[in-house]
$ cat data_32.txt   # compact mmCIF, C-alpha atoms
# COMPACT_ATOMS: atom_id res chain seq x y z
CA MET A 6 -7.51 22.39 0.31
CA ARG A 7 -5.76 20.07 -2.10
CA ALA A 8 -4.28 16.62 -1.52
CA PHE A 9 -1.25 15.42 -3.47
CA ARG A 10 0.01 11.91 -4.15
CA VAL A 11 3.78 11.89 -3.74
CA ALA A 12 6.23 9.19 -4.83
CA TYR A 13 9.81 9.10 -3.62
CA ASP A 14 12.96 7.03 -3.40
CA GLY A 15 13.56 6.90 0.34
CA ARG A 16 17.21 5.89 0.20
CA PRO A 17 18.71 9.42 0.19
CA TYR A 18 16.50 10.58 3.08
CA SER A 19 16.37 10.13 6.85
CA GLY A 20 12.68 9.41 6.70
CA PHE A 21 9.64 11.44 5.67
CA GLN A 22 9.06 13.66 8.70
CA ARG A 23 11.20 16.73 9.32
CA GLN A 24 14.19 16.30 11.62
CA PRO A 25 16.98 18.70 12.57
CA ASP A 26 20.22 18.56 10.59
CA VAL A 27 19.32 15.60 8.32
CA PRO A 28 17.62 15.51 4.90
CA THR A 29 13.98 14.39 4.90
CA VAL A 30 11.26 14.19 2.27
CA GLU A 31 9.06 16.66 4.14
CA ASP A 32 11.84 19.26 4.28
CA THR A 33 12.30 18.80 0.54
CA LEU A 34 8.59 19.39 -0.09
CA PHE A 35 8.57 22.53 2.07
CA ASP A 36 11.69 23.89 0.38
CA SER A 37 10.03 23.49 -3.02
CA LEU A 38 6.94 25.37 -1.79
CA ARG A 39 9.14 28.22 -0.55
CA LYS A 40 10.87 28.44 -3.94
CA LEU A 41 7.45 28.61 -5.59
CA GLY A 42 6.40 31.45 -3.27
CA VAL A 43 3.63 29.36 -1.71
CA LEU A 44 5.11 28.98 1.78
CA ASP A 45 6.34 31.84 3.95
CA GLY A 46 6.29 30.26 7.39
CA ASP A 47 7.22 26.96 8.96
CA THR A 48 4.50 24.73 7.46
CA PRO A 49 1.72 25.20 4.89
CA THR A 50 -1.72 26.20 6.15
CA ASN A 51 -3.71 23.19 7.45
CA TYR A 52 -0.92 20.85 6.40
CA ALA A 53 -0.97 17.12 7.22
CA ALA A 54 0.61 13.96 5.77
CA ALA A 55 -0.74 10.43 5.59
CA GLY A 56 2.11 8.91 7.56
CA ARG A 57 5.74 8.97 8.61
CA THR A 58 7.92 6.55 6.69
CA ASP A 59 11.24 5.57 8.24
CA ALA A 60 14.68 6.34 6.82
CA GLY A 61 15.22 4.42 3.60
CA VAL A 62 11.53 3.56 3.06
CA SER A 63 10.12 4.59 -0.35
CA ALA A 64 6.59 5.56 -1.36
CA LEU A 65 4.23 5.51 -4.29
CA GLY A 66 1.10 6.74 -2.53
CA GLN A 67 2.28 9.05 0.25
CA THR A 68 -0.34 11.79 0.58
CA VAL A 69 -0.03 15.36 1.80
CA ALA A 70 -2.75 18.01 1.92
CA PHE A 71 -2.77 21.76 2.58
CA GLU A 72 -4.24 25.03 1.33
CA VAL A 73 -2.86 25.99 -2.10
CA PRO A 74 -3.40 28.52 -4.88
CA ASP A 75 -5.37 27.17 -7.84
CA TRP A 76 -2.32 27.03 -10.11
CA LEU A 77 -0.33 24.65 -7.89
CA THR A 78 -0.58 21.36 -9.78
CA PRO A 79 1.62 18.28 -9.29
CA ALA A 80 3.63 19.28 -12.36
CA ALA A 81 4.17 22.79 -10.96
CA LEU A 82 5.31 21.33 -7.64
CA ASN A 83 7.74 19.02 -9.45
CA GLY A 84 9.36 22.04 -11.03
CA GLN A 85 11.18 22.72 -7.76
CA LEU A 86 11.54 19.15 -6.44
CA PRO A 87 14.61 16.93 -6.84
CA GLY A 88 14.26 13.86 -9.02
CA ALA A 89 13.97 11.49 -6.07
CA VAL A 90 10.63 13.08 -5.10
CA ARG A 91 7.72 13.41 -7.54
CA ALA A 92 4.14 14.59 -7.04
CA TRP A 93 1.97 12.82 -9.62
CA ALA A 94 -1.75 13.21 -8.78
CA SER A 95 -4.03 15.51 -6.82
CA ALA A 96 -7.57 15.94 -5.53
CA ASP A 97 -9.46 18.96 -4.26
CA VAL A 98 -10.75 18.03 -0.79
CA PRO A 99 -13.11 19.58 1.80
CA PRO A 100 -11.79 22.36 4.07
CA ASP A 101 -11.77 20.03 7.08
CA PHE A 102 -9.87 17.23 5.31
CA HIS A 103 -6.97 15.77 7.28
CA ALA A 104 -4.47 13.55 5.46
CA THR A 105 -3.60 11.60 8.60
CA HIS A 106 -6.91 11.14 10.38
CA ASP A 107 -9.16 10.68 7.32
CA ALA A 108 -7.18 7.75 5.90
CA SER A 109 -9.18 4.52 6.15
CA ARG A 110 -6.52 2.14 4.87
CA ARG A 111 -2.76 2.13 4.34
CA THR A 112 -1.03 -0.47 2.17
CA TYR A 113 2.65 -1.37 2.30
CA ARG A 114 4.62 -3.78 0.10
CA TYR A 115 7.91 -5.41 1.08
CA HIS A 116 10.19 -6.95 -1.57
CA LEU A 117 11.92 -9.68 0.40
CA HIS A 118 14.92 -11.22 -1.36
CA ALA A 119 14.42 -14.84 -0.35
CA PRO A 120 15.36 -17.31 -3.10
CA THR A 121 15.56 -20.28 -0.71
CA LEU A 122 12.66 -19.45 1.60
CA ASP A 123 9.93 -22.06 2.06
CA ASP A 124 6.92 -20.23 0.60
CA ALA A 125 4.36 -22.50 2.26
CA ARG A 126 5.81 -21.89 5.72
CA ALA A 127 6.09 -18.15 5.10
CA LYS A 128 2.48 -17.94 3.92
CA ALA A 129 1.30 -19.98 6.90
CA ALA A 130 3.00 -17.50 9.24
CA LEU A 131 1.43 -14.58 7.41
CA ASP A 132 -2.00 -16.23 7.56
CA ARG A 133 -1.75 -16.47 11.35
CA LEU A 134 -1.09 -12.74 11.52
CA ARG A 135 -4.17 -11.89 9.44
CA GLY A 136 -7.18 -10.37 11.18
CA GLU A 137 -7.39 -8.44 14.42
CA GLY A 138 -4.59 -8.88 16.92
CA ASP A 139 -2.43 -7.13 19.45
CA PHE A 140 0.92 -6.51 17.77
CA HIS A 141 2.63 -5.13 20.89
CA ASN A 142 5.59 -7.50 20.38
CA LEU A 143 6.13 -6.16 16.86
CA THR A 144 6.54 -2.47 17.67
CA THR A 145 8.26 -0.06 20.02
CA ASP A 146 4.95 1.75 20.58
CA ASP A 147 3.10 1.38 23.87
CA GLU A 148 -0.30 2.40 22.47
CA GLY A 149 -2.28 1.71 19.30
CA THR A 150 -0.97 -1.85 19.01
CA VAL A 151 -4.33 -3.54 18.35
CA ARG A 152 -4.85 -3.59 14.58
CA ARG A 153 -6.81 -5.47 11.93
CA LEU A 154 -4.35 -6.73 9.33
CA GLU A 155 -4.91 -7.82 5.73
CA THR A 156 -2.13 -9.82 4.09
CA ASP A 157 -0.98 -11.21 0.76
CA CYS A 158 2.16 -13.04 -0.32
CA VAL A 159 3.34 -13.69 -3.90
CA ARG A 160 6.51 -15.34 -5.22
CA ASP A 161 8.26 -13.30 -7.93
CA GLY A 162 11.50 -15.03 -8.91
CA ASP A 163 14.02 -14.65 -6.11
CA PHE A 164 11.69 -12.32 -4.24
CA LEU A 165 8.79 -12.99 -1.93
CA VAL A 166 6.51 -9.95 -2.16
CA LEU A 167 4.53 -9.31 1.02
CA THR A 168 1.58 -6.90 0.94
CA LEU A 169 0.18 -5.67 4.26
CA ALA A 170 -2.85 -3.40 4.68
CA SER A 171 -4.56 -1.91 7.74
CA ASP A 172 -6.26 1.25 8.89
CA GLY A 173 -2.93 2.08 10.52
CA PHE A 174 0.40 0.61 11.56
CA ALA A 175 2.42 0.93 14.74
CA ARG A 176 6.08 1.96 14.49
CA HIS A 177 8.28 -0.71 12.81
CA MET A 178 5.30 -3.10 12.73
CA VAL A 179 5.54 -3.92 9.02
CA ARG A 180 9.28 -4.57 9.09
CA ARG A 181 9.06 -6.75 12.19
CA ILE A 182 6.26 -8.76 10.59
CA VAL A 183 8.60 -9.36 7.65
CA SER A 184 11.36 -10.55 10.01
CA LEU A 185 8.96 -12.94 11.73
CA VAL A 186 7.70 -14.36 8.42
CA ARG A 187 11.27 -14.75 7.16
CA ALA A 188 12.30 -16.58 10.35
CA VAL A 189 9.44 -19.06 10.02
CA GLY A 190 9.93 -19.47 6.27
CA SER A 191 13.64 -20.19 6.70
CA GLY A 192 13.05 -22.72 9.46
CA ALA A 193 14.87 -20.60 12.06
CA SER A 194 11.58 -20.37 14.01
CA ASP A 195 8.63 -22.70 14.26
CA LEU A 196 5.13 -21.64 13.32
CA ASP A 197 4.06 -21.57 16.97
CA ARG A 198 6.34 -18.56 17.46
CA VAL A 199 3.71 -16.44 15.70
CA ASP A 200 1.22 -17.32 18.44
CA ARG A 201 3.79 -16.45 21.13
CA VAL A 202 4.45 -13.09 19.48
CA LEU A 203 0.72 -12.32 19.38
CA GLY A 204 0.28 -13.46 22.98
CA PRO A 205 0.07 -11.16 26.02
CA GLU A 206 3.58 -11.91 27.32
CA PRO A 207 6.16 -9.26 26.34
CA LEU A 208 9.05 -10.64 24.30
CA ASP A 209 12.19 -8.57 24.71
CA GLY A 210 15.89 -9.00 24.04
CA PRO A 211 16.89 -12.22 22.24
CA ALA A 212 13.27 -13.46 22.42
CA GLY A 213 12.03 -10.42 20.53
CA VAL A 214 11.62 -9.86 16.79
CA ALA A 215 14.25 -7.82 14.95
CA THR A 216 13.37 -5.06 12.48
CA ALA A 217 13.90 -5.96 8.81
CA PRO A 218 15.91 -3.57 6.58
CA ALA A 219 14.04 -0.47 5.40
CA THR A 220 14.98 -0.15 1.73
CA PRO A 221 12.79 -3.02 0.38
CA LEU A 222 9.65 -1.38 1.86
CA VAL A 223 7.23 0.82 -0.13
CA LEU A 224 4.13 2.71 0.99
CA VAL A 225 2.04 1.86 -2.06
CA ASP A 226 -1.38 3.34 -1.25
CA VAL A 227 -3.43 5.36 1.20
CA THR A 228 -7.21 5.20 0.86
CA TYR A 229 -9.62 8.05 1.62
CA PRO A 230 -13.37 7.39 1.36
CA GLY A 231 -15.00 9.62 -1.21
CA VAL A 232 -11.73 11.10 -2.50
CA SER A 233 -10.68 10.40 -6.09
CA PHE A 234 -7.21 11.48 -7.21
CA ASP A 235 -6.65 12.76 -10.75
CA PRO A 236 -3.24 11.92 -12.25
CA ASP A 237 -1.43 14.87 -13.82
CA PRO A 238 -0.25 13.63 -17.25
CA ASP A 239 2.92 15.74 -17.26
CA ALA A 240 3.75 14.79 -13.68
CA VAL A 241 3.12 11.10 -14.35
CA ALA A 242 5.44 11.19 -17.36
CA SER A 243 8.12 12.92 -15.30
CA ALA A 244 7.83 10.41 -12.45
CA ARG A 245 8.03 7.44 -14.79
CA GLU A 246 11.09 8.86 -16.51
CA VAL A 247 12.86 9.64 -13.23
CA PHE A 248 12.22 6.26 -11.63
CA ALA A 249 13.02 4.38 -14.83
CA GLU A 250 16.44 6.04 -14.76
CA ARG A 251 16.90 5.12 -11.11
CA ARG A 252 15.94 1.54 -11.93
CA VAL A 253 18.66 1.36 -14.58
CA GLU A 254 21.17 2.76 -12.08
CA GLY A 255 20.19 0.03 -9.64
CA LEU A 256 20.52 -2.70 -12.27
CA VAL A 257 23.97 -1.45 -13.24
CA THR A 258 25.05 -1.34 -9.58
CA ALA A 259 23.82 -4.90 -9.04
CA ARG A 260 25.60 -6.15 -12.15
CA VAL A 261 28.92 -4.59 -11.18
CA ALA A 262 28.65 -5.90 -7.61
CA GLY A 263 27.83 -9.34 -9.00
CA GLU A 264 30.92 -9.38 -11.16
CA VAL A 265 33.13 -8.40 -8.24
CA ALA A 266 31.53 -11.00 -5.93
CA GLU A 267 31.89 -13.79 -8.49
CA GLY A 268 35.42 -12.77 -9.41
CA VAL A 269 36.85 -12.86 -5.90
CA THR A 270 38.81 -16.07 -5.43
CA GLU A 271 40.46 -17.71 -2.44
CA ARG A 272 43.86 -17.72 -4.19
$ encode --input "data_32.txt" --output "structure tokens"
Amino acid sequence: MRAFRVAYDGRPYSGFQRQPDVPTVEDTLFDSLRKLGVLDGDTPTNYAAAGRTDAGVSALGQTVAFEVPDWLTPAALNGQLPGAVRAWASADVPPDFHATHDASRRTYRYHLHAPTLDDARAKAALDRLRGEGDFHNLTTDDEGTVRRLETDCVRDGDFLVLTLASDGFARHMVRRIVSLVRAVGSGASDLDRVDRVLGPEPLDGPAGVATAPATPLVLVDVTYPGVSFDPDPDAVASAREVFAERRVEGLVTARVAGEVAEGVTER
């Protein structure tokens, strides 16, 4: 059994988990294994992944584990992967290791573009969400809504960077937390709304919390007690090169869009 750290740009994909008729990160991984002659059937032997990221969500520390031949390193896996997906570290793990169930902590980071947001109000909202609570009003799930949440919030220029960590997250929970924090920070909601959201009364329809956009969200880390991942130097270099190029593409796109936006006049 070997576990792999996988980084990916989630924008071209309809999420991590396989779905019919749409491109996903998991399908891409399995296709690469078939090209390498490692996978004959539907899924690798004893395969599991740390979590299911939504369409558009990116990752640095997504983790998959399955039985592999000794030669299958992150660099070898990258040989058949598209540039938007890069394996970059690995760890040999016990035969009963499970990438989903053995994770003790998952950490997400959201890059919220919020140049005019009141940081003090946003941080106060985030502080009220910290600790154990029932997040049933921040997810579409009916079960597994009680979680212990760790939070951090840092201003970085025009962005407010929110870091959220827990042993697990309900569906859309992170993105709805971001929406709630943004609403309080902008003054659209008062701070007491956080208490109402965490209360027992269901909040649906207009009273509910919308889901923030997916693309600013990154799964940055998944922690496994007793497991230490070894970066593959060649794979790390490849990942850095690929994502540096994608960063430049993004900067160019933003610059061009900025020129068009600033150049449009009323007459």
$ atom_distance --input "data_32.txt" --atom1 "CA of Asp26 in chain A" --atom2 "CA of Asp14 in chain A"
19.5 Å
$ atom_distance --input "data_32.txt" --atom1 "CA of Gly46 in chain A" --atom2 "CA of Ala108 in chain A"
26.3 Å
$ residues_around --input "data_32.txt" --residues "Phe140 in chain A" --least-positions-apart "4" --cutoff "9 Å" --atoms "only C-alpha atoms" --output "number ranges by chain"
A: 144, 149-152, 175, 178, 202-204
$ residues_around --input "data_32.txt" --residues "Thr112 in chain A" --least-positions-apart "3" --cutoff "12 Å" --atoms "only C-alpha atoms" --output "ChimeraX atom specification"
/A:55-56,64-67,108-109,115,154-157,167-174,179,222-228
$ closest_residue --input "data_32.txt" --among "A:Leu131, A:Ala104, A:Ala217, A:Val247" --to "Arg198 in chain A" --atoms "only C-alpha atoms"
A:Leu131
$ closest_atom_pairs --input "data_32.txt" --of "range 9-64 of chain A" --to "range 76-86 of chain A" --cutoff "12 Å" --atoms "only C-alpha atoms" --output "Markdown table"
| residue | atom | partner | partner_atom | distance |
| --- | --- | --- | --- | --- |
| A:Phe9 | CA | A:Pro79 | CA | 7.1 |
| A:Arg10 | CA | A:Pro79 | CA | 8.3 |
| A:Val11 | CA | A:Pro79 | CA | 8.7 |
| A:Ala12 | CA | A:Asn83 | CA | 11.0 |
| A:Tyr13 | CA | A:Leu86 | CA | 10.6 |
| A:Val30 | CA | A:Leu86 | CA | 10.0 |
| A:Glu31 | CA | A:Leu86 | CA | 11.1 |
| A:Asp32 | CA | A:Leu86 | CA | 10.7 |
| A:Thr33 | CA | A:Leu86 | CA | 7.0 |
| A:Leu34 | CA | A:Leu86 | CA | 7.0 |
| A:Phe35 | CA | A:Leu86 | CA | 9.6 |
| A:Asp36 | CA | A:Gln85 | CA | 8.2 |
| A:Ser37 | CA | A:Gln85 | CA | 4.9 |
| A:Leu38 | CA | A:Leu82 | CA | 7.3 |
| A:Arg39 | CA | A:Gln85 | CA | 9.3 |
| A:Lys40 | CA | A:Gln85 | CA | 6.9 |
| A:Leu41 | CA | A:Gln85 | CA | 7.3 |
| A:Gly42 | CA | A:Leu77 | CA | 10.6 |
| A:Val43 | CA | A:Leu77 | CA | 8.7 |
| A:Leu44 | CA | A:Leu77 | CA | 11.9 |
$ closest_residue --input "data_32.txt" --among "A:Asp146, A:Asp239, A:Asp197, A:Asp101" --to "Ala8 in chain A" --atoms "only C-alpha atoms"
A:Asp101
$ atom_distance --input "data_32.txt" --atom1 "CA of Leu165 in chain A" --atom2 "CA of Tyr113 in chain A"
13.8 Å
$ residues_around --input "data_32.txt" --residues "Asp59 in chain A" --least-positions-apart "6" --cutoff "9 Å" --atoms "all atoms listed in the file" --output "ChimeraX atom specification"
/A:15,18-22,176-177,219
$ closest_atom_pairs --input "data_32.txt" --of "range 53-132 of chain A" --to "range 249-255 of chain A" --cutoff "12 Å" --atoms "all atoms listed in the file" --output "Markdown table"
| residue | atom | partner | partner_atom | distance |
| --- | --- | --- | --- | --- |
| A:Gly88 | CA | A:Arg251 | CA | 9.4 |
| A:Ala89 | CA | A:Arg251 | CA | 8.6 |
| A:Val90 | CA | A:Arg251 | CA | 11.8 |
$ write_last_selection --input "data_32.txt" --atoms "C-alpha atoms" --output "CSV table (one decimal), in the frame of the given file"
chain,number,residue,atom,x,y,z
A,88,GLY,CA,14.3,13.9,-9.0
A,89,ALA,CA,14.0,11.5,-6.1
A,90,VAL,CA,10.6,13.1,-5.1
$ residues_around --input "data_32.txt" --residues "range 189-192 of chain A" --least-positions-apart "3" --cutoff "10 Å" --atoms "all atoms listed in the file" --output "ChimeraX atom specification"
/A:119,121-131,184-186,195-199
$ closest_residue --input "data_32.txt" --among "A:Thr50, A:Thr105, A:Thr68, A:Ser233" --to "Arg91 in chain A" --atoms "all atoms listed in the file"
A:Thr68
$ build_atoms --input "data_32.txt" --residues "range 236-254 of chain A" --atoms "N, CA and C atoms" --output "compact mmCIF listing (two decimals), in the coordinates of the input"
# COMPACT_ATOMS: atom_id res chain seq x y z
N PRO A 236 -4.65 11.85 -11.83
CA PRO A 236 -3.24 11.92 -12.25
C PRO A 236 -3.00 13.12 -13.15
N ASP A 237 -1.88 13.76 -12.97
CA ASP A 237 -1.43 14.87 -13.82
C ASP A 237 -0.56 14.26 -14.91
N PRO A 238 -0.99 14.31 -16.19
CA PRO A 238 -0.25 13.63 -17.25
C PRO A 238 1.22 14.01 -17.32
N ASP A 239 1.52 15.31 -17.20
CA ASP A 239 2.92 15.74 -17.26
C ASP A 239 3.71 15.23 -16.06
N ALA A 240 3.07 15.26 -14.89
CA ALA A 240 3.75 14.79 -13.68
C ALA A 240 3.97 13.29 -13.70
N VAL A 241 2.98 12.55 -14.23
CA VAL A 241 3.12 11.10 -14.35
C VAL A 241 4.27 10.75 -15.28
N ALA A 242 4.34 11.44 -16.41
CA ALA A 242 5.44 11.19 -17.36
C ALA A 242 6.79 11.48 -16.73
N SER A 243 6.86 12.57 -15.97
CA SER A 243 8.12 12.92 -15.30
C SER A 243 8.51 11.86 -14.27
N ALA A 244 7.53 11.42 -13.47
CA ALA A 244 7.83 10.41 -12.45
C ALA A 244 8.29 9.11 -13.08
N ARG A 245 7.63 8.69 -14.13
CA ARG A 245 8.03 7.44 -14.79
C ARG A 245 9.43 7.54 -15.36
N GLU A 246 9.75 8.68 -15.94
CA GLU A 246 11.09 8.86 -16.51
C GLU A 246 12.15 8.84 -15.41
N VAL A 247 11.90 9.56 -14.32
CA VAL A 247 12.86 9.64 -13.23
C VAL A 247 13.12 8.27 -12.62
N PHE A 248 12.04 7.54 -12.33
CA PHE A 248 12.22 6.26 -11.63
C PHE A 248 12.69 5.16 -12.58
N ALA A 249 12.43 5.31 -13.88
CA ALA A 249 13.02 4.38 -14.83
C ALA A 249 14.54 4.54 -14.86
N GLU A 250 15.00 5.79 -14.80
CA GLU A 250 16.44 6.04 -14.76
C GLU A 250 17.07 5.47 -13.49
N ARG A 251 16.38 5.63 -12.38
CA ARG A 251 16.90 5.12 -11.11
C ARG A 251 16.91 3.59 -11.12
N ARG A 252 15.95 3.00 -11.81
CA ARG A 252 15.94 1.54 -11.93
C ARG A 252 17.16 1.06 -12.70
N VAL A 253 17.48 1.74 -13.80
CA VAL A 253 18.66 1.36 -14.58
C VAL A 253 19.92 1.50 -13.73
N GLU A 254 20.01 2.58 -12.96
CA GLU A 254 21.17 2.76 -12.08
C GLU A 254 21.30 1.59 -11.11
